[in-house]
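Participant: File structure_12.txt follows (compact mmCIF, C-alpha atoms):
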```
# COMPACT_ATOMS: atom_id res chain seq x y z
CA MET W 1 -90.08 -166.71 99.37
CA GLY W 2 -88.77 -166.09 95.86
CA TRP W 3 -86.09 -163.45 95.45
CA HIS W 4 -84.98 -163.38 91.81
CA ASP W 5 -85.94 -166.85 90.62
CA ASP W 6 -88.00 -165.28 87.81
CA LYS W 7 -84.82 -163.84 86.25
CA LEU W 8 -82.60 -166.91 86.41
CA GLY W 9 -83.25 -167.69 82.76
CA GLU W 10 -82.07 -164.23 81.72
CA ILE W 11 -78.79 -164.42 83.64
CA TRP W 12 -78.00 -168.08 82.95
CA ALA W 13 -75.15 -168.84 80.54
CA LEU W 14 -73.75 -172.13 79.28
CA PRO W 15 -69.97 -172.52 79.72
CA GLY W 16 -69.18 -172.38 76.01
CA GLU W 17 -71.40 -169.39 75.29
CA SER W 18 -69.51 -166.28 74.22
CA LEU W 19 -69.33 -163.27 76.48
CA LYS W 20 -70.63 -161.21 73.54
CA LEU W 21 -73.92 -163.13 73.51
CA ALA W 22 -74.36 -163.27 77.28
CA LEU W 23 -73.60 -159.63 78.16
CA PRO W 24 -76.77 -158.08 76.66
CA ARG W 25 -78.90 -160.43 78.77
CA MET W 26 -76.94 -159.47 81.87
CA ASP W 27 -77.53 -155.78 81.14
CA ARG W 28 -81.25 -156.25 80.51
CA ALA W 29 -81.74 -158.22 83.73
CA GLY W 30 -80.10 -155.42 85.72
CA LEU W 31 -78.68 -157.70 88.44
CA GLN W 32 -74.97 -157.16 87.56
CA VAL W 33 -74.33 -160.90 87.47
CA LEU W 34 -74.25 -163.94 85.18
CA LEU W 35 -74.55 -167.51 86.44
CA VAL W 36 -72.70 -170.16 84.46
CA GLY W 37 -73.71 -173.80 84.41
CA ASP W 38 -75.31 -176.62 82.45
CA ALA W 39 -78.81 -176.85 80.98
CA GLU W 40 -80.09 -178.45 84.21
CA ARG W 41 -78.85 -175.39 86.16
CA HIS W 42 -75.99 -177.08 87.98
CA LEU W 43 -73.75 -174.14 88.87
CA PHE W 44 -70.15 -174.01 87.57
CA GLY W 45 -69.29 -170.36 88.17
CA ILE W 46 -70.36 -166.73 88.47
CA ILE W 47 -69.49 -163.57 86.56
CA THR W 48 -69.89 -160.11 88.11
CA ASP W 49 -69.31 -156.58 86.82
CA GLY W 50 -65.83 -156.67 88.31
CA ASP W 51 -64.92 -159.88 86.47
CA ILE W 52 -65.95 -158.33 83.15
CA ARG W 53 -64.05 -155.13 83.90
CA ARG W 54 -60.88 -157.08 84.66
CA ALA W 55 -61.30 -159.13 81.48
CA LEU W 56 -61.63 -155.98 79.37
CA LEU W 57 -58.57 -154.43 80.99
CA ARG W 58 -56.63 -157.61 80.16
CA GLY W 59 -57.63 -157.11 76.54
CA GLU W 60 -59.86 -160.18 76.40
CA SER W 61 -62.03 -160.52 73.30
CA LEU W 62 -65.80 -160.60 73.79
CA ASP W 63 -65.77 -163.78 71.73
CA VAL W 64 -64.19 -165.77 74.58
CA PRO W 65 -66.43 -168.35 76.27
CA VAL W 66 -67.85 -167.26 79.60
CA GLU W 67 -66.07 -170.11 81.38
CA GLN W 68 -62.76 -168.29 80.77
CA VAL W 69 -63.99 -165.22 82.65
CA MET W 70 -66.09 -166.74 85.45
CA GLN W 71 -65.14 -167.25 89.08
CA ALA W 72 -65.19 -171.02 89.54
CA GLN W 73 -66.66 -172.52 92.70
CA PRO W 74 -68.49 -169.41 93.94
CA LYS W 75 -69.95 -169.11 97.42
CA VAL W 76 -73.46 -170.61 97.57
CA LEU W 77 -76.07 -171.34 100.22
CA SER W 78 -78.88 -173.84 100.49
CA ALA W 79 -82.36 -172.63 99.61
CA GLY W 80 -84.26 -171.70 102.77
CA VAL W 81 -81.14 -170.70 104.69
CA SER W 82 -81.37 -168.15 107.48
CA LEU W 83 -80.96 -164.59 106.22
CA ASP W 84 -78.54 -163.91 109.08
CA VAL W 85 -76.25 -166.61 107.66
CA ALA W 86 -76.49 -164.99 104.22
CA ARG W 87 -75.65 -161.56 105.63
CA ARG W 88 -72.58 -162.89 107.43
CA LEU W 89 -71.38 -164.64 104.27
CA MET W 90 -71.71 -161.44 102.23
CA LEU W 91 -69.93 -159.32 104.83
CA ASN W 92 -67.15 -161.81 105.55
CA HIS W 93 -66.31 -162.39 101.88
CA ASN W 94 -67.30 -158.97 100.45
CA ILE W 95 -69.65 -160.47 97.89
CA ARG W 96 -72.86 -159.02 96.46
CA HIS W 97 -74.55 -162.13 95.00
CA ILE W 98 -75.29 -165.54 96.56
CA PRO W 99 -76.86 -168.30 94.44
CA LEU W 100 -79.27 -170.50 96.39
CA VAL W 101 -79.07 -174.20 95.50
CA ASN W 102 -81.04 -177.37 96.21
CA ASN W 103 -79.70 -180.74 97.36
CA GLU W 104 -78.49 -181.53 93.83
CA HIS W 105 -76.53 -178.26 93.61
CA GLN W 106 -79.00 -176.79 91.12
CA VAL W 107 -79.61 -173.07 91.37
CA VAL W 108 -83.17 -172.28 92.40
CA ASP W 109 -82.86 -168.62 93.39
CA LEU W 110 -80.46 -165.71 93.87
CA LEU W 111 -79.88 -163.36 96.80
CA LEU W 112 -78.49 -159.85 96.28
CA TRP W 113 -76.86 -157.45 98.71
CA ILE W 114 -79.76 -155.04 98.27
CA ASP W 115 -82.21 -157.76 99.35
CA LEU W 116 -80.50 -158.10 102.71
CA PHE W 117 -79.15 -154.65 103.45
CA GLY W 118 -81.67 -152.40 101.73
CA SER W 119 -81.29 -149.72 99.07
CA LYS W 120 -80.15 -146.79 101.19
CA VAL W 121 -77.80 -144.67 99.11
CA GLU W 122 -74.68 -143.23 100.70
CA ALA W 123 -74.44 -139.43 100.46
CA ARG W 124 -71.51 -138.53 98.21
CA PRO W 125 -69.40 -135.42 98.93
CA GLU W 126 -67.86 -135.21 95.44
CA PRO W 127 -69.10 -132.32 93.26
CA VAL W 128 -70.18 -133.06 89.70
CA VAL W 129 -69.15 -130.59 87.00
CA ILE W 130 -71.47 -130.73 83.98
CA MET W 131 -70.13 -129.31 80.72
CA ALA W 132 -73.23 -127.57 79.35
CA GLY W 133 -71.86 -124.61 77.41
CA GLY W 134 -71.52 -125.95 73.88
CA LYS W 135 -73.68 -124.99 70.91
CA GLY W 136 -74.82 -128.52 70.17
CA THR W 137 -74.48 -128.05 66.42
CA ARG W 138 -75.13 -131.75 65.78
CA LEU W 139 -78.69 -131.14 66.99
CA ASP W 140 -79.44 -128.24 64.65
CA PRO W 141 -82.00 -126.75 64.15
CA PHE W 142 -83.29 -127.62 67.66
CA THR W 143 -80.35 -125.88 69.32
CA LYS W 144 -80.92 -122.64 67.43
CA ILE W 145 -83.84 -122.19 69.83
CA LEU W 146 -82.80 -124.12 72.94
CA PRO W 147 -79.31 -124.74 74.34
CA LYS W 148 -78.38 -128.43 74.19
CA PRO W 149 -78.76 -129.11 77.95
CA MET W 150 -82.37 -127.88 77.80
CA ILE W 151 -83.53 -130.24 75.06
CA PRO W 152 -86.40 -132.28 76.53
CA LEU W 153 -86.18 -135.92 77.47
CA GLY W 154 -89.63 -136.86 78.62
CA ASP W 155 -91.01 -133.95 80.64
CA LYS W 156 -87.61 -132.62 81.77
CA PRO W 157 -84.56 -131.16 80.05
CA ILE W 158 -81.69 -133.55 79.43
CA VAL W 159 -79.43 -131.96 82.02
CA GLU W 160 -82.04 -132.25 84.76
CA VAL W 161 -82.57 -135.93 83.96
CA LEU W 162 -78.80 -136.33 84.24
CA MET W 163 -78.69 -134.58 87.64
CA ASP W 164 -81.66 -136.57 88.94
CA ARG W 165 -79.81 -139.78 88.12
CA PHE W 166 -76.67 -138.61 89.87
CA TYR W 167 -78.77 -137.57 92.86
CA ASP W 168 -80.25 -141.09 93.01
CA HIS W 169 -76.65 -142.25 93.61
CA GLY W 170 -76.04 -139.80 96.46
CA PHE W 171 -74.61 -136.73 94.67
CA SER W 172 -76.07 -133.34 95.61
CA GLN W 173 -73.56 -130.70 94.41
CA PHE W 174 -73.67 -129.77 90.72
CA ILE W 175 -71.73 -127.08 88.87
CA LEU W 176 -72.95 -126.26 85.38
CA SER W 177 -70.47 -124.76 82.96
CA VAL W 178 -72.62 -122.57 80.72
CA GLY W 179 -71.92 -120.46 77.66
CA TYR W 180 -74.25 -120.65 74.66
CA LYS W 181 -77.71 -119.34 75.63
CA ALA W 182 -76.61 -119.45 79.27
CA GLU W 183 -79.48 -117.21 80.38
CA VAL W 184 -82.01 -119.93 79.44
CA VAL W 185 -80.25 -122.54 81.59
CA LYS W 186 -79.79 -120.16 84.53
CA LEU W 187 -83.39 -119.01 84.43
CA TYR W 188 -84.66 -122.58 84.55
CA PHE W 189 -82.47 -123.64 87.49
CA ASN W 190 -82.65 -120.40 89.46
CA ASP W 191 -86.24 -121.40 90.09
CA SER W 192 -85.30 -124.08 92.62
CA ASN W 193 -88.66 -125.82 92.21
CA GLY W 194 -88.06 -127.89 95.34
CA ARG W 195 -85.03 -129.72 93.98
CA PRO W 196 -83.16 -131.61 96.72
CA TYR W 197 -79.71 -130.73 95.32
CA LYS W 198 -77.64 -127.60 94.86
CA VAL W 199 -76.96 -126.14 91.40
CA SER W 200 -74.36 -123.43 90.75
CA PHE W 201 -72.84 -122.04 87.56
CA VAL W 202 -69.56 -121.08 85.98
CA GLN W 203 -69.83 -118.79 82.97
CA GLU W 204 -67.70 -119.10 79.83
CA ASP W 205 -67.69 -115.63 78.27
CA GLU W 206 -66.17 -117.19 75.17
CA PRO W 207 -65.73 -120.85 74.16
CA LEU W 208 -62.91 -122.43 76.19
CA GLY W 209 -62.95 -125.95 74.74
CA THR W 210 -64.27 -129.07 76.39
CA ALA W 211 -62.16 -128.59 79.56
CA GLY W 212 -61.33 -124.87 79.72
CA ALA W 213 -64.10 -124.14 82.23
CA LEU W 214 -62.23 -126.25 84.80
CA GLY W 215 -59.57 -123.54 84.91
CA LEU W 216 -62.23 -121.17 86.25
CA LEU W 217 -63.07 -123.64 89.02
CA ARG W 218 -59.63 -124.44 90.45
CA GLN W 219 -60.36 -122.73 93.76
CA GLN W 220 -63.67 -124.56 94.19
CA LEU W 221 -62.44 -128.03 93.25
CA GLN W 222 -60.25 -128.95 96.21
CA ARG W 223 -61.21 -132.62 96.42
CA THR W 224 -62.03 -135.53 94.11
CA PHE W 225 -64.67 -134.46 91.58
CA LEU W 226 -66.51 -135.78 88.54
CA VAL W 227 -66.78 -134.19 85.11
CA THR W 228 -69.46 -135.20 82.62
CA ASN W 229 -70.80 -134.01 79.32
CA CYS W 230 -74.40 -132.82 79.55
CA ASP W 231 -75.65 -135.11 76.78
CA VAL W 232 -74.55 -138.52 78.12
CA ILE W 233 -76.69 -140.58 80.50
CA ILE W 234 -75.05 -143.71 81.89
CA GLU W 235 -76.59 -146.52 83.88
CA MET W 236 -73.80 -147.42 86.28
CA ASN W 237 -72.73 -147.68 89.91
CA TYR W 238 -70.90 -144.40 90.53
CA GLY W 239 -69.81 -145.53 93.97
CA GLU W 240 -67.99 -148.45 92.36
CA LEU W 241 -66.38 -146.05 89.86
CA LEU W 242 -65.04 -143.88 92.69
CA ARG W 243 -63.87 -146.90 94.66
CA TYR W 244 -61.96 -148.08 91.59
CA HIS W 245 -60.48 -144.59 91.05
CA HIS W 246 -59.10 -144.42 94.60
CA GLU W 247 -58.07 -148.07 94.75
CA LYS W 248 -55.92 -147.62 91.64
CA GLY W 249 -54.43 -144.36 92.93
CA ASN W 250 -55.51 -142.54 89.77
CA ALA W 251 -55.28 -138.78 89.39
CA LEU W 252 -57.67 -139.05 86.45
CA THR W 253 -59.98 -141.89 85.49
CA ILE W 254 -61.66 -142.05 82.09
CA VAL W 255 -64.86 -144.05 81.77
CA GLY W 256 -64.66 -146.18 78.65
CA ALA W 257 -67.86 -147.80 77.41
CA LEU W 258 -67.99 -150.92 75.33
CA ARG W 259 -69.13 -150.18 71.79
CA ASP W 260 -69.78 -152.68 69.03
CA PHE W 261 -69.12 -151.57 65.44
CA THR W 262 -70.19 -153.71 62.50
CA ILE W 263 -68.77 -153.09 59.02
CA PRO W 264 -71.76 -153.47 56.66
CA TYR W 265 -69.69 -155.10 53.92
CA GLY W 266 -67.79 -158.26 53.27
CA VAL W 267 -64.17 -157.53 54.22
CA LEU W 268 -61.53 -158.96 51.89
CA ARG W 269 -58.54 -160.62 53.53
CA THR W 270 -55.45 -160.83 51.36
CA GLU W 271 -51.97 -162.26 51.68
CA ALA W 272 -49.14 -160.91 49.51
CA GLY W 273 -51.73 -159.34 47.24
CA GLU W 274 -53.67 -162.57 46.71
CA PHE W 275 -57.20 -163.24 47.88
CA HIS W 276 -57.38 -165.27 51.09
CA GLN W 277 -60.96 -165.07 52.38
CA ILE W 278 -64.04 -162.88 52.77
CA GLU W 279 -65.21 -162.03 56.28
CA GLU W 280 -68.87 -161.10 56.02
CA LYS W 281 -69.89 -158.00 58.03
CA PRO W 282 -67.30 -158.40 60.81
CA SER W 283 -67.85 -156.82 64.22
CA PHE W 284 -65.24 -155.01 66.26
CA HIS W 285 -65.39 -154.01 69.91
CA PHE W 286 -63.77 -150.92 71.38
CA LEU W 287 -63.70 -149.04 74.66
CA VAL W 288 -64.77 -145.56 73.64
CA ASN W 289 -64.52 -142.31 75.57
CA ILE W 290 -68.06 -141.24 76.47
CA GLY W 291 -67.34 -138.03 78.34
CA LEU W 292 -67.37 -139.05 82.02
CA TYR W 293 -64.27 -138.60 84.19
CA VAL W 294 -63.09 -138.63 87.81
CA LEU W 295 -60.34 -136.13 88.60
CA GLU W 296 -58.11 -135.10 91.48
CA PRO W 297 -57.35 -131.38 91.97
CA GLU W 298 -53.69 -131.76 90.94
CA VAL W 299 -54.80 -132.42 87.37
CA LEU W 300 -55.81 -128.75 87.18
CA GLU W 301 -52.48 -127.37 88.38
CA GLY W 302 -51.04 -125.05 85.76
CA LEU W 303 -54.41 -124.58 84.06
CA GLU W 304 -54.92 -120.84 83.69
CA ASN W 305 -58.18 -118.96 84.06
CA GLY W 306 -59.72 -118.38 80.68
CA SER W 307 -57.33 -120.69 78.83
CA PHE W 308 -58.69 -122.75 75.94
CA ILE W 309 -58.14 -126.49 76.31
CA HIS W 310 -59.94 -129.67 75.30
CA MET W 311 -60.36 -132.59 77.68
CA THR W 312 -58.17 -134.80 75.47
CA ASP W 313 -55.33 -132.28 75.84
CA LEU W 314 -55.84 -132.07 79.61
CA ILE W 315 -55.64 -135.86 79.83
CA MET W 316 -52.39 -135.95 77.86
CA ALA W 317 -50.97 -133.09 79.94
CA ALA W 318 -51.72 -135.05 83.14
CA LYS W 319 -49.99 -138.10 81.71
CA ASP W 320 -46.99 -136.02 80.60
CA LYS W 321 -46.66 -134.68 84.18
CA GLY W 322 -46.39 -138.24 85.44
CA LEU W 323 -49.86 -138.37 86.99
CA ARG W 324 -51.60 -141.73 86.92
CA VAL W 325 -54.35 -141.87 84.28
CA GLY W 326 -56.59 -144.93 84.25
CA VAL W 327 -59.59 -146.32 82.40
CA TYR W 328 -62.73 -147.72 84.00
CA PRO W 329 -64.45 -150.09 81.55
CA HIS W 330 -68.25 -149.86 81.55
CA HIS W 331 -70.35 -152.46 79.75
CA GLY W 332 -73.88 -151.40 80.76
CA ARG W 333 -76.37 -149.20 78.98
CA TRP W 334 -75.52 -145.61 78.10
CA PHE W 335 -77.14 -142.96 75.97
CA ASP W 336 -75.37 -140.33 73.86
CA ILE W 337 -77.99 -137.70 73.11
CA GLY W 338 -75.71 -135.36 71.18
CA GLN W 339 -76.98 -136.27 67.71
CA TRP W 340 -80.41 -136.86 66.20
CA ASP W 341 -80.32 -140.64 65.67
CA GLU W 342 -79.09 -141.24 69.23
CA TYR W 343 -81.58 -138.74 70.63
CA ARG W 344 -84.51 -140.50 68.96
CA GLN W 345 -83.29 -143.89 70.18
CA THR W 346 -82.95 -142.50 73.70
CA LEU W 347 -86.49 -141.13 73.63
CA ARG W 348 -87.78 -144.59 72.74
CA ALA W 349 -85.67 -146.23 75.44
CA PHE W 350 -86.85 -143.77 78.08
CA GLU W 351 -90.57 -144.10 77.36
CA GLY W 352 -92.11 -144.79 80.71
CA LEU W 353 -88.71 -144.68 82.49
CA VAL W 354 -88.07 -140.97 82.99
```
Now that the file is in, can you turn its structure into structure tokens?
Facilitator:
Amino acid sequence: MGWHDDKLGEIWALPGESLKLALPRMDRAGLQVLLVGDAERHLFGIITDGDIRRALLRGESLDVPVEQVMQAQPKVLSAGVSLDVARRLMLNHNIRHIPLVNNEHQVVDLLLWIDLFGSKVEARPEPVVIMAGGKGTRLDPFTKILPKPMIPLGDKPIVEVLMDRFYDHGFSQFILSVGYKAEVVKLYFNDSNGRPYKVSFVQEDEPLGTAGALGLLRQQLQRTFLVTNCDVIIEMNYGELLRYHHEKGNALTIVGALRDFTIPYGVLRTEAGEFHQIEEKPSFHFLVNIGLYVLEPEVLEGLENGSFIHMTDLIMAAKDKGLRVGVYPHHGRWFDIGQWDEYRQTLRAFEGLV
């Protein structure tokens, strides 16, 4: 029986290949793993999401060869092994991927956790606060008619697509912070339409900034919770994000996504005013704030009802109080639908997916 042998070519990387070149293939394959080895598929190492996250937190460049990031000598099993043996190996060593090799130690297939333990999603108790009250001026003139969260993506509004994706990961409690054209959003969601999750609202009578609505929710948010902008859809493992948040003892975790920026010019390098070299269209990589956070209730202490505050100021206030603020690097796909170019690209990406 073949498991994922048809995708081995997509997730295979040669040792000297740069992480920058290999990562897009890893994302497209959707298996959260890269296998590193020679052209004959002899295995040298494995790279998982966690390895990449640790490399980014260390400040590694994406230009490093994959062999500097990989786990050498990963756990493997022989092709045709009993699935009970594979299950025990995964459980005993807390691993999610097992390459299957032949007698010459060449990879012939790959086993994933989901193959052996199924795709049942754990129900998550954490509420998700969705900031949906802004005017969405970057999407004018669309938002003169519809509030930003109600802009369609496929046959559903953006915010419903967002909630459906969270629900697929076990979340079922959503709080929408509404303001601009709030009656349109409330009318749509007050018709439950058989949705399997609960939607409630907090009303901003006047703009309170990107985090001010949280001051109105202090009594409701008595446990770990998530905050997200309504115009960002992220393909990620939210359970892993929460595990990381608690493991690090963070009071606030910011999700930072990897973004590649290319300068469309030749950049002049000079030394002491004299020409040194031209670097043609250089690329730079940054972890950018995409508007998804995990918070503990203590972050909201001192936040007054109706007070105006942006999320950036709330983050700095938490840090100034001595609370632990961390960053969770995300390198997978994400969609920022808050401006026209991104919205059009997202529509193309979601054709047939929504």
Participant: Nearest to Tyr293 (chain W) among W:Ala29, W:Val255, W:Leu221, W:Val325, with distances taken over all atoms listed in the file: which residue is it?
Facilitator: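 Among the listed residues, the smallest separation from Tyr293 (chain W) belongs to W:Val255.
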Participant: For the atom pair CA of Phe189 (chain W) and CA of Leu295 (chain W), what is the interatomic distance in Å to one decimal place?
Facilitator: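 If I compute the distance from CA of Phe189 (chain W) to CA of Leu295 (chain W), I get 25.4 Å.
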Participant: Interatomic distance between CA of Lys20 (chain W) and CA of Asn94 (chain W)?
Facilitator: 27.2 Å
Participant: Given all atoms listed in the file as the basis, pick out the residue of W:Trp12, W:Tyr197, W:Trp3, W:Tyr328 nearest to Leu241 (chain W).
Facilitator: W:Tyr328
Participant: Tell me which protein, DNA and RNA residues are within 8 Å of Ile158 (chain W), counting only C-alpha atoms, leaving out same-chain ones fewer than 3 positions away, and put them as an MDAnalysis selection string.
Facilitator: chainID W and resid 149:153 161:162 230:231
Participant: Taking the point (-69.7, -171.1, 93.0) as given in the file, collect each protein or nucleic acid residue that comes within 10 Å of it, counting all atoms listed in the file, and present the set as an MDAnalysis selection string.
Facilitator: chainID W and resid 35:37 43:47 70:77 98:99 105
